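Reproduced below: final.txt, with compact mmCIF, C-alpha atoms.
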# COMPACT_ATOMS: atom_id res chain seq x y z
CA MET A 1 16.08 -17.93 6.52
CA ARG A 2 15.03 -14.36 7.42
CA GLU A 3 13.30 -15.72 10.56
CA VAL A 4 16.51 -17.46 11.71
CA LEU A 5 18.59 -14.38 10.93
CA ALA A 6 16.15 -12.18 12.85
CA THR A 7 16.47 -14.42 15.93
CA LEU A 8 20.26 -14.43 15.76
CA CYS A 9 20.28 -10.64 15.37
CA ASP A 10 18.06 -10.41 18.47
CA TRP A 11 20.50 -12.61 20.41
CA HIS A 12 23.36 -10.37 19.34
CA ARG A 13 21.57 -7.16 20.30
CA ARG A 14 20.73 -8.62 23.72
CA GLY A 15 24.37 -9.52 24.29
CA VAL A 16 23.91 -13.30 24.04
CA PRO A 17 27.02 -15.08 22.69
CA PHE A 18 26.43 -18.12 20.49
CA GLY A 19 28.16 -20.65 18.31
CA LEU A 20 27.32 -20.38 14.62
CA ALA A 21 27.69 -22.98 11.88
CA THR A 22 27.35 -21.90 8.24
CA VAL A 23 27.35 -24.36 5.35
CA VAL A 24 30.07 -23.29 2.90
CA SER A 25 29.77 -26.05 0.31
CA SER A 26 28.15 -29.43 -0.16
CA THR A 27 28.38 -32.25 -2.67
CA ALA A 28 25.96 -34.34 -0.61
CA GLY A 29 22.68 -32.86 -1.87
CA LEU A 30 20.97 -30.95 0.90
CA PRO A 31 22.02 -28.90 2.86
CA ALA A 32 22.75 -25.89 0.67
CA PRO A 33 25.47 -23.26 1.06
CA GLY A 34 24.32 -20.59 3.47
CA ASP A 35 22.25 -22.88 5.73
CA LEU A 36 22.71 -21.88 9.38
CA LEU A 37 22.68 -23.55 12.79
CA ALA A 38 23.29 -21.64 16.02
CA VAL A 39 23.46 -22.62 19.69
CA ASP A 40 23.50 -20.34 22.74
CA PRO A 41 25.20 -20.96 26.13
CA VAL A 42 22.18 -22.80 27.58
CA GLY A 43 21.84 -25.10 24.59
CA GLU A 44 18.99 -23.37 22.73
CA VAL A 45 19.30 -24.14 19.01
CA ARG A 46 18.08 -22.05 16.10
CA GLY A 47 18.15 -22.95 12.43
CA GLY A 48 19.40 -26.32 11.30
CA ILE A 49 21.48 -28.27 8.84
CA PRO A 50 19.08 -30.46 6.78
CA ALA A 51 21.42 -33.45 6.75
CA GLY A 52 20.35 -35.67 9.63
CA CYS A 53 23.43 -37.87 9.42
CA VAL A 54 25.81 -35.06 10.44
CA GLU A 55 23.58 -32.44 12.09
CA SER A 56 24.47 -33.55 15.62
CA ALA A 57 28.19 -33.40 14.75
CA VAL A 58 27.74 -29.87 13.36
CA LEU A 59 25.93 -28.86 16.55
CA ASP A 60 28.83 -30.20 18.62
CA ALA A 61 31.31 -28.23 16.49
CA ALA A 62 29.28 -25.02 16.90
CA ALA A 63 29.12 -25.55 20.67
CA GLU A 64 32.88 -26.10 20.75
CA ALA A 65 33.44 -22.87 18.81
CA LEU A 66 31.23 -21.06 21.32
CA CYS A 67 33.52 -22.26 24.12
CA THR A 68 36.91 -21.79 22.42
CA GLY A 69 36.21 -18.74 20.25
CA ARG A 70 38.33 -20.31 17.48
CA PRO A 71 36.81 -20.19 13.99
CA ARG A 72 37.53 -23.15 11.74
CA LEU A 73 36.34 -24.93 8.63
CA VAL A 74 35.07 -28.44 9.36
CA ARG A 75 34.64 -31.06 6.62
CA TYR A 76 32.33 -34.05 6.90
CA ALA A 77 32.61 -37.03 4.54
CA VAL A 78 29.19 -38.60 4.16
CA GLY A 79 28.69 -42.10 2.79
CA ALA A 80 31.34 -44.54 1.63
CA ASP A 81 34.17 -42.03 2.13
CA GLY A 82 33.45 -41.20 5.73
CA PRO A 83 32.01 -42.28 9.09
CA TRP A 84 28.53 -40.81 8.55
CA PRO A 85 26.09 -43.08 6.72
CA SER A 86 24.01 -41.71 3.88
CA ARG A 87 20.81 -42.46 2.06
CA PRO A 88 20.84 -42.85 -1.74
CA GLY A 89 21.62 -39.52 -3.39
CA CYS A 90 23.13 -37.97 -0.25
CA ALA A 91 26.77 -39.15 -0.32
CA GLY A 92 29.51 -36.55 -0.62
CA THR A 93 31.41 -33.93 1.37
CA LEU A 94 30.02 -31.13 3.51
CA SER A 95 32.13 -28.08 4.52
CA VAL A 96 30.94 -25.96 7.42
CA LEU A 97 32.37 -22.77 8.91
CA VAL A 98 31.97 -22.70 12.71
CA ARG A 99 32.73 -19.69 14.88
CA ARG A 100 31.74 -17.84 18.04
CA VAL A 101 29.58 -14.72 17.69
CA ALA A 102 30.31 -12.55 20.73
CA PRO A 103 28.47 -9.40 21.87
CA GLY A 104 29.53 -6.37 19.88
CA ASP A 105 31.66 -8.16 17.31
CA ALA A 106 31.52 -7.79 13.54
CA ALA A 107 29.96 -11.22 12.86
CA GLY A 108 26.85 -10.22 14.79
CA ARG A 109 26.53 -6.97 12.89
CA VAL A 110 26.77 -8.90 9.64
CA LEU A 111 23.91 -11.19 10.71
CA CYS A 112 21.80 -8.12 11.60
CA ALA A 113 22.53 -6.63 8.20
CA LEU A 114 21.37 -9.83 6.47
CA ALA A 115 18.24 -9.86 8.66
CA GLY A 116 17.24 -6.39 7.46
CA ALA A 117 15.00 -5.39 4.58
CA GLY A 118 17.84 -5.63 2.04
CA PRO A 119 19.18 -5.67 -0.55
CA VAL A 120 22.45 -6.64 1.13
CA ALA A 121 25.22 -9.20 0.75
CA ALA A 122 27.90 -10.56 3.08
CA ALA A 123 31.26 -11.92 1.93
CA THR A 124 33.21 -14.21 4.29
CA VAL A 125 36.75 -15.52 3.78
CA THR A 126 36.77 -19.32 4.09
CA GLY A 127 40.29 -20.09 2.86
CA GLY A 128 43.44 -18.88 1.11
CA PRO A 129 45.85 -15.99 1.77
CA ALA A 130 43.39 -13.64 3.50
CA PRO A 131 42.28 -13.27 7.14
CA PHE A 132 40.20 -16.37 7.88
CA ALA A 133 36.49 -15.59 8.60
CA ALA A 134 36.96 -11.87 7.79
CA GLN A 135 33.69 -10.36 6.60
CA LEU A 136 32.50 -7.58 4.31
CA VAL A 137 28.92 -6.24 4.12
CA ILE A 138 27.98 -5.09 0.62
CA ARG A 139 25.07 -2.70 -0.01
CA PRO A 140 24.25 -0.94 -3.29
CA ASP A 141 25.63 2.33 -1.93
CA ARG A 142 28.43 1.34 0.46
CA LEU A 143 30.75 -1.30 1.91
CA ASP A 144 31.19 -2.05 5.62
CA GLY A 145 34.09 -4.07 7.01
CA THR A 146 36.92 -5.59 5.01
CA LEU A 147 38.27 -8.93 3.82
CA GLY A 148 41.76 -7.66 4.62
CA ASP A 149 42.62 -6.13 1.24
CA PRO A 150 40.84 -3.28 -0.64
CA VAL A 151 41.42 -5.05 -3.95
CA LEU A 152 39.77 -8.21 -2.58
CA ASP A 153 36.92 -6.09 -1.21
CA ASP A 154 36.26 -4.56 -4.63
CA TRP A 155 36.46 -7.99 -6.28
CA ALA A 156 33.84 -9.43 -3.91
CA ALA A 157 31.61 -6.37 -4.22
CA GLY A 158 31.68 -6.61 -8.00
CA ARG A 159 30.50 -10.21 -7.87
CA ALA A 160 27.75 -9.38 -5.38
CA ILE A 161 25.98 -6.92 -7.67
CA ASP A 162 24.18 -9.59 -9.72
CA LEU A 163 23.11 -11.50 -6.61
CA LEU A 164 21.61 -8.46 -4.84
CA GLY A 165 18.59 -8.53 -7.14
CA THR A 166 17.76 -12.20 -6.78
CA GLY A 167 19.44 -13.41 -3.60
CA GLY A 168 21.42 -16.62 -3.17
CA THR A 169 24.65 -18.05 -1.80
CA VAL A 170 27.74 -18.96 -3.80
CA LEU A 171 31.30 -20.00 -3.03
CA LEU A 172 33.76 -17.86 -5.00
CA ARG A 173 37.42 -18.47 -5.79
CA ARG A 174 39.71 -15.56 -6.59
CA ALA A 175 42.56 -16.66 -8.82
CA GLY A 176 45.94 -17.00 -7.16
CA ARG A 177 48.33 -19.54 -5.71
CA PRO A 178 46.63 -20.57 -3.54
CA PRO A 179 43.27 -18.98 -4.44
CA VAL A 180 41.22 -17.01 -1.93
CA ARG A 181 37.87 -18.66 -1.20
CA VAL A 182 34.95 -16.41 -0.29
CA LEU A 183 31.41 -17.35 0.69
CA LEU A 184 28.98 -14.76 -0.71
CA GLN A 185 25.48 -14.61 0.81
CA ALA A 186 23.00 -12.16 -0.74
CA VAL A 187 19.52 -11.19 0.44
CA PRO A 188 17.35 -9.20 -1.98
CA ALA A 189 14.96 -6.47 -0.90
CA ALA A 190 12.05 -8.11 0.92
CA PRO A 191 9.05 -8.35 -1.43
CA GLY A 192 5.86 -6.74 -0.22
CA MET A 193 2.71 -8.52 0.90
CA LEU A 194 -0.28 -6.18 1.07
CA LEU A 195 -3.28 -7.60 2.93
CA VAL A 196 -6.48 -5.59 2.49
CA GLY A 197 -9.02 -6.37 5.18
CA ALA A 198 -8.16 -6.90 8.86
CA THR A 199 -9.75 -10.35 8.99
CA PRO A 200 -8.76 -13.55 10.80
CA VAL A 201 -7.44 -14.85 7.46
CA ALA A 202 -5.24 -11.74 7.21
CA ALA A 203 -3.94 -12.32 10.74
CA ALA A 204 -2.95 -15.90 9.90
CA LEU A 205 -1.51 -14.98 6.50
CA SER A 206 0.53 -12.13 7.99
CA ARG A 207 2.41 -14.61 10.17
CA ILE A 208 3.02 -17.09 7.33
CA GLY A 209 3.97 -14.27 4.96
CA ALA A 210 6.53 -12.89 7.41
CA ASP A 211 8.03 -16.38 7.78
CA LEU A 212 8.26 -16.63 3.97
CA GLY A 213 10.30 -13.41 3.86
CA TYR A 214 7.66 -10.89 2.84
CA ARG A 215 7.34 -7.41 4.29
CA VAL A 216 3.71 -7.54 5.39
CA THR A 217 1.35 -4.54 5.44
CA VAL A 218 -2.29 -4.68 6.54
CA CYS A 219 -4.91 -2.05 5.65
CA ASP A 220 -8.51 -1.69 6.86
CA PRO A 221 -10.71 1.37 7.49
CA ARG A 222 -12.31 0.04 10.71
CA PRO A 223 -10.67 1.40 13.88
CA ALA A 224 -11.81 -1.50 16.06
CA PHE A 225 -10.12 -4.09 13.84
CA VAL A 226 -6.83 -2.35 13.06
CA SER A 227 -4.24 -2.58 15.80
CA ASP A 228 -0.68 -3.79 16.16
CA GLY A 229 -1.88 -6.21 18.84
CA ARG A 230 -4.10 -8.06 16.34
CA PHE A 231 -1.29 -8.24 13.80
CA PRO A 232 1.97 -8.73 15.72
CA TYR A 233 3.72 -10.23 12.67
CA ALA A 234 2.85 -7.41 10.28
CA HIS A 235 5.52 -4.80 9.62
CA GLU A 236 2.94 -2.04 9.10
CA VAL A 237 -0.76 -1.64 9.92
CA HIS A 238 -2.79 1.19 8.33
CA ARG A 239 -6.30 2.48 9.01
CA ALA A 240 -7.51 3.89 5.71
CA TRP A 241 -9.98 3.33 2.90
CA PRO A 242 -8.13 0.70 0.86
CA HIS A 243 -9.11 2.00 -2.59
CA ARG A 244 -7.66 5.41 -1.65
CA TRP A 245 -4.64 4.01 0.21
CA LEU A 246 -3.51 1.51 -2.43
CA PRO A 247 -2.47 4.08 -5.10
CA THR A 248 -0.12 5.67 -2.53
CA VAL A 249 1.79 2.43 -1.81
CA PRO A 250 4.88 1.33 -3.77
CA VAL A 251 3.99 -1.84 -5.71
CA ASP A 252 6.15 -3.80 -8.16
CA ARG A 253 6.06 -7.17 -9.88
CA SER A 254 7.33 -8.95 -6.77
CA THR A 255 4.44 -7.65 -4.64
CA VAL A 256 1.69 -9.96 -3.36
CA LEU A 257 -1.68 -8.22 -3.04
CA CYS A 258 -4.55 -10.07 -1.32
CA LEU A 259 -8.07 -8.65 -1.04
CA LEU A 260 -9.51 -10.40 2.01
CA GLY A 261 -12.46 -8.20 3.01
CA HIS A 262 -16.05 -8.22 1.77
CA ASP A 263 -17.36 -4.63 1.70
CA PRO A 264 -19.55 -4.36 -1.43
CA ARG A 265 -19.72 -0.57 -1.12
CA HIS A 266 -16.07 -0.20 -2.10
CA GLU A 267 -15.23 -3.55 -3.70
CA LEU A 268 -15.28 -2.44 -7.34
CA ALA A 269 -13.23 0.69 -6.62
CA LEU A 270 -10.69 -1.45 -4.77
CA LEU A 271 -10.51 -4.02 -7.57
CA ARG A 272 -9.92 -1.29 -10.14
CA ALA A 273 -7.19 0.22 -7.96
CA ALA A 274 -5.61 -3.23 -7.53
CA LEU A 275 -5.68 -3.94 -11.28
CA ASP A 276 -3.95 -0.60 -11.90
CA THR A 277 -0.91 -1.89 -9.99
CA PRO A 278 1.83 -4.16 -11.42
CA ALA A 279 1.47 -6.64 -8.51
CA GLY A 280 2.73 -10.10 -9.48
CA TYR A 281 -0.01 -11.90 -7.52
CA LEU A 282 -3.50 -10.49 -7.03
CA GLY A 283 -5.56 -12.85 -4.84
CA VAL A 284 -9.24 -12.35 -4.01
CA LEU A 285 -11.34 -14.30 -1.50
CA GLY A 286 -14.97 -15.20 -2.00
CA SER A 287 -17.18 -17.81 -3.60
CA ARG A 288 -17.16 -18.59 -7.32
CA ALA A 289 -20.61 -17.03 -7.65
CA ALA A 290 -19.46 -13.83 -5.92
CA HIS A 291 -16.42 -13.64 -8.15
CA ALA A 292 -18.46 -14.23 -11.31
CA ALA A 293 -20.65 -11.27 -10.33
CA ARG A 294 -17.57 -9.12 -9.71
CA VAL A 295 -16.15 -10.01 -13.11
CA GLU A 296 -19.39 -9.10 -14.89
CA ARG A 297 -19.49 -5.70 -13.19
CA LEU A 298 -15.85 -5.06 -14.08
CA ARG A 299 -16.46 -6.08 -17.70
CA ALA A 300 -19.38 -3.67 -17.84
CA GLU A 301 -17.03 -0.91 -16.74
CA GLY A 302 -14.60 -1.71 -19.57
CA VAL A 303 -11.97 -3.79 -17.75
CA SER A 304 -10.17 -5.97 -20.32
CA GLU A 305 -10.06 -9.76 -20.27
CA ALA A 306 -6.27 -9.62 -19.92
CA GLN A 307 -6.65 -7.63 -16.73
CA LEU A 308 -9.40 -9.87 -15.37
CA ASP A 309 -7.20 -12.90 -16.00
CA ARG A 310 -4.69 -11.53 -13.47
CA LEU A 311 -7.13 -12.16 -10.61
CA ALA A 312 -6.38 -15.31 -8.61
CA ALA A 313 -9.94 -15.92 -7.44
CA PRO A 314 -10.82 -17.80 -5.40
CA ALA A 315 -7.30 -17.39 -4.02
CA GLY A 316 -5.30 -20.42 -2.90
CA LEU A 317 -4.78 -24.08 -3.71
CA ASP A 318 -7.54 -26.65 -3.23
CA LEU A 319 -6.91 -27.88 0.32
CA ASN A 320 -10.63 -27.93 1.22
CA GLY A 321 -9.68 -25.73 4.16
CA ARG A 322 -12.39 -24.22 6.34
CA THR A 323 -10.66 -22.34 9.18
CA SER A 324 -8.87 -19.02 8.83
CA VAL A 325 -5.48 -20.69 9.25
CA GLU A 326 -6.31 -23.35 6.65
CA ILE A 327 -7.43 -20.71 4.15
CA ALA A 328 -4.27 -18.67 4.79
CA LEU A 329 -2.19 -21.83 4.31
CA ALA A 330 -3.91 -22.49 0.96
CA ILE A 331 -3.05 -18.98 -0.23
CA ALA A 332 0.54 -19.28 1.00
CA ALA A 333 0.89 -22.66 -0.72
CA GLU A 334 -0.20 -21.11 -4.01
CA LEU A 335 2.30 -18.29 -3.54
CA VAL A 336 5.15 -20.75 -3.02
CA ALA A 337 4.04 -22.82 -6.02
CA VAL A 338 3.98 -19.88 -8.41
CA ARG A 339 7.11 -18.34 -6.90
CA ARG A 340 9.12 -21.56 -7.32
CA GLY A 341 7.40 -23.00 -10.39
CA GLY A 342 5.81 -25.89 -8.51
CA SER A 343 2.83 -27.85 -9.80
CA GLY A 344 0.84 -27.82 -6.57
CA ARG A 345 0.29 -31.57 -6.93
CA PRO A 346 1.10 -34.21 -4.26
CA LEU A 347 4.74 -35.35 -4.45
CA THR A 348 3.61 -38.97 -4.16
CA GLY A 349 2.06 -38.69 -7.62
CA LEU A 350 5.19 -37.24 -9.25
CA SER A 351 8.56 -38.64 -10.29
CA GLY A 352 12.01 -37.12 -10.65
CA PRO A 353 13.93 -34.83 -8.27
CA ILE A 354 11.99 -33.15 -5.47
CA HIS A 355 14.07 -29.96 -5.75
CA ARG A 356 14.41 -28.89 -9.37
CA THR A 357 16.50 -26.31 -11.20
CA GLY A 358 15.68 -24.65 -14.48
CA LEU A 359 12.04 -24.26 -13.44
CA PRO A 360 9.40 -23.42 -16.03
CA GLY A 361 7.87 -19.96 -16.13
CA THR A 362 5.29 -19.15 -13.49
CA PRO A 363 1.65 -18.50 -14.37
CA ARG A 364 1.01 -15.07 -15.82
CA ARG A 365 -1.00 -13.95 -12.81
CA ALA A 366 2.19 -14.39 -10.75
CA ALA A 367 4.86 -13.82 -13.37
CA GLY A 368 6.74 -11.24 -11.31
CA LEU A 369 7.09 -13.15 -8.06
CA ARG A 370 10.59 -14.05 -6.98

Written as structure tokens, that's how I'd like the structure from this file.
Amino acid sequence: MREVLATLCDWHRRGVPFGLATVVSSTAGLPAPGDLLAVDPVGEVRGGIPAGCVESAVLDAAAEALCTGRPRLVRYAVGADGPWPSRPGCAGTLSVLVRRVAPGDAAGRVLCALAGAGPVAAATVTGGPAPFAAQLVIRPDRLDGTLGDPVLDDWAAGRAIDLLGTGGTVLLRRAGRPPVRVLLQAVPAAPGMLLVGATPVAAALSRIGADLGYRVTVCDPRPAFVSDGRFPYAHEVHRAWPHRWLPTVPVDRSTVLCLLGHDPRHELALLRAALDTPAGYLGVLGSRAAHAARVERLRAEGVSEAQLDRLAAPAGLDLNGRTSVEIALAIAAELVAVRRGGSGRPLTGLSGPIHRTGLPGTPRRAAGLR
């Protein structure tokens, strides 16, 4: 989602108008509230509505809004109640807000706010006695814009507070006759991904990590290997000794920390510095034999078994990957699994819903990931 928002913000800043479709509610399974689809004047599409039966119709509605400039709420009946066929489990009703985002207008600024580092929320009127499609940006320290009524603004801001920490999209109804309906989209602060070692694996993982919504930082002491050109998807690149740099970096339980280099002169000092942080995931590359030797040296220095158990080593799921991209993909897959409570097993060998709620707790080495 952050990648789509970043592209739409770039369009807005470059003065490109576009039609925007935002899912408001759905009783037809996927898509979920907050899903976006945008189309520019030459027909370039970004984002998507994961409901193949109506996606083309949503695209047409967004293109129409781009031409007319008239925002509206479009409802699609999927399955037996409407003209769009459905697969089992997908029947229901989909409501989509379509509108034109013109250069300099408030809707574009809202998208840029959501594309930022967060935490931030956006409230949008989708029905009831309030200005249709009016928007309010909610940050922990201030409000920007208005839903047309200060009382309504305060009501929406109060309900955004809980979502700012976790993120998510909900459709709210403020009591009244008729009620005011407000779509609330919240983006938490981007979790950090710290990649130690300017390796090809780090270059591949920095791109995947940015796509997953992490704020990526790379650190390596070697001048020849540390440059923005080698890591175009990283938000920050530092040339420093990692074991000295790491204690100066803010780290919390949502932080991913991956040790991807192999310098034995500083490895133990770096591992001790890493274990002193509260990082929710601490991944280390290397063979099983190399890791066993590391663990023995750390034990000899008094590192506890509880601390050693935090190390995800060798990092990643078993994909039997060999290339840098494949290894990075294995690490990213493990991150998603522990972040979402997935098993990491093939879906063909499982039963029940693909997308589950009420997920079990994540493994202790990644207990803080969100």

Legend entry - Given all atoms listed in the file as the counted atoms, nearest of A:Ala21, A:Ala315, A:Val196, A:Ala333 to Ala273 of chain A: A:Val196

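Nearest to Gly15 of chain A of all the residues A:Leu275, A:Val74, A:Ile327, A:Ala102 is A:Ala102, based on all atoms listed in the file.
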
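Here atom CA of Thr166 of chain A is placed at a distance of 8.0 Å from atom CA of Ala186 of chain A.
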
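In this model, the gap between atom CA of Leu212 of chain A and atom CA of Ser25 of chain A comes to 23.8 Å.
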
Legend entry - Spatial neighbours of segment 290-293 of chain A, 12 Å, all atoms listed in the file, chain gap at least 4 places, as a PyMOL selection string: chain A and resi 262+264+267-268+271+283-286+297-300+308+311-315

Residues from the last selection, C-alpha atoms, saved as an mmCIF file, keeping the file's coordinate frame:
data_model
loop_
_atom_site.group_PDB
_atom_site.id
_atom_site.type_symbol
_atom_site.label_atom_id
_atom_site.label_comp_id
_atom_site.auth_asym_id
_atom_site.auth_seq_id
_atom_site.Cartn_x
_atom_site.Cartn_y
_atom_site.Cartn_z
ATOM 1 C CA HIS A 262 -16.050 -8.220 1.770
ATOM 2 C CA PRO A 264 -19.550 -4.360 -1.430
ATOM 3 C CA GLU A 267 -15.230 -3.550 -3.700
ATOM 4 C CA LEU A 268 -15.280 -2.440 -7.340
ATOM 5 C CA LEU A 271 -10.510 -4.020 -7.570
ATOM 6 C CA GLY A 283 -5.560 -12.850 -4.840
ATOM 7 C CA VAL A 284 -9.240 -12.350 -4.010
ATOM 8 C CA LEU A 285 -11.340 -14.300 -1.500
ATOM 9 C CA GLY A 286 -14.970 -15.200 -2.000
ATOM 10 C CA ARG A 297 -19.490 -5.700 -13.190
ATOM 11 C CA LEU A 298 -15.850 -5.060 -14.080
ATOM 12 C CA ARG A 299 -16.460 -6.080 -17.700
ATOM 13 C CA ALA A 300 -19.380 -3.670 -17.840
ATOM 14 C CA LEU A 308 -9.400 -9.870 -15.370
ATOM 15 C CA LEU A 311 -7.130 -12.160 -10.610
ATOM 16 C CA ALA A 312 -6.380 -15.310 -8.610
ATOM 17 C CA ALA A 313 -9.940 -15.920 -7.440
ATOM 18 C CA PRO A 314 -10.820 -17.800 -5.400
ATOM 19 C CA ALA A 315 -7.300 -17.390 -4.020
#

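Between atom CA of Leu347 of chain A and atom CA of Asp318 of chain A the interatomic distance comes to 15.1 Å.
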
Inset, instruction - Identify, on the basis of all atoms listed in the file, every residue whose closest approach to Val180 of chain A does not exceed 8 Å; exclude the query and any residue fewer than 3 positions from it along the same chain; express the result as an MDAnalysis selection string. - result: chainID A and resid 125:130 173:176

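Distances to Ala330 of chain A were evaluated for A:Ala157, A:Val201, A:Leu184, A:Val249 using only C-alpha atoms, and the minimum falls at A:Val201.
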
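Counting all atoms listed in the file and comparing A:Ala189, A:Ala202, A:Leu259, A:Leu270, the residue that lies closest to Tyr214 of chain A is A:Ala189.
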
Inset, instruction - Find the residues around segment 64-70 of chain A up to 10 Å (all atoms listed in the file counted), leave out those fewer than 3 positions away in its own chain, and share them as a count of residues only. - result: 19

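Closest to Leu136 of chain A among A:Val54, A:Val256, A:Val24, A:Leu183 is A:Leu183, based on all atoms listed in the file.
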
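Distance check against Asp211 of chain A using all atoms listed in the file: of A:Leu143, A:Ala190, A:Phe225, A:Leu163, the minimum falls on A:Ala190.
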
Legend entry - Long-range neighbours of Ser206 of chain A as an NGL selection string, 12 Å cut-off, only C-alpha atoms, 4 positions minimum in chain: :A and (192-202 or 210-219 or 228 or 230-237 or 256-258 or 260 or 324-325 or 328-329 or 331-332)

All file atoms of segment 145-161 of chain A boxed axis-aligned, 3 Å per side, centre plus edges, as AutoDock Vina command-line options:
--center_x 34.3 --center_y -6.7 --center_z -0.5 --size_x 22.6 --size_y 12.9 --size_z 21.0
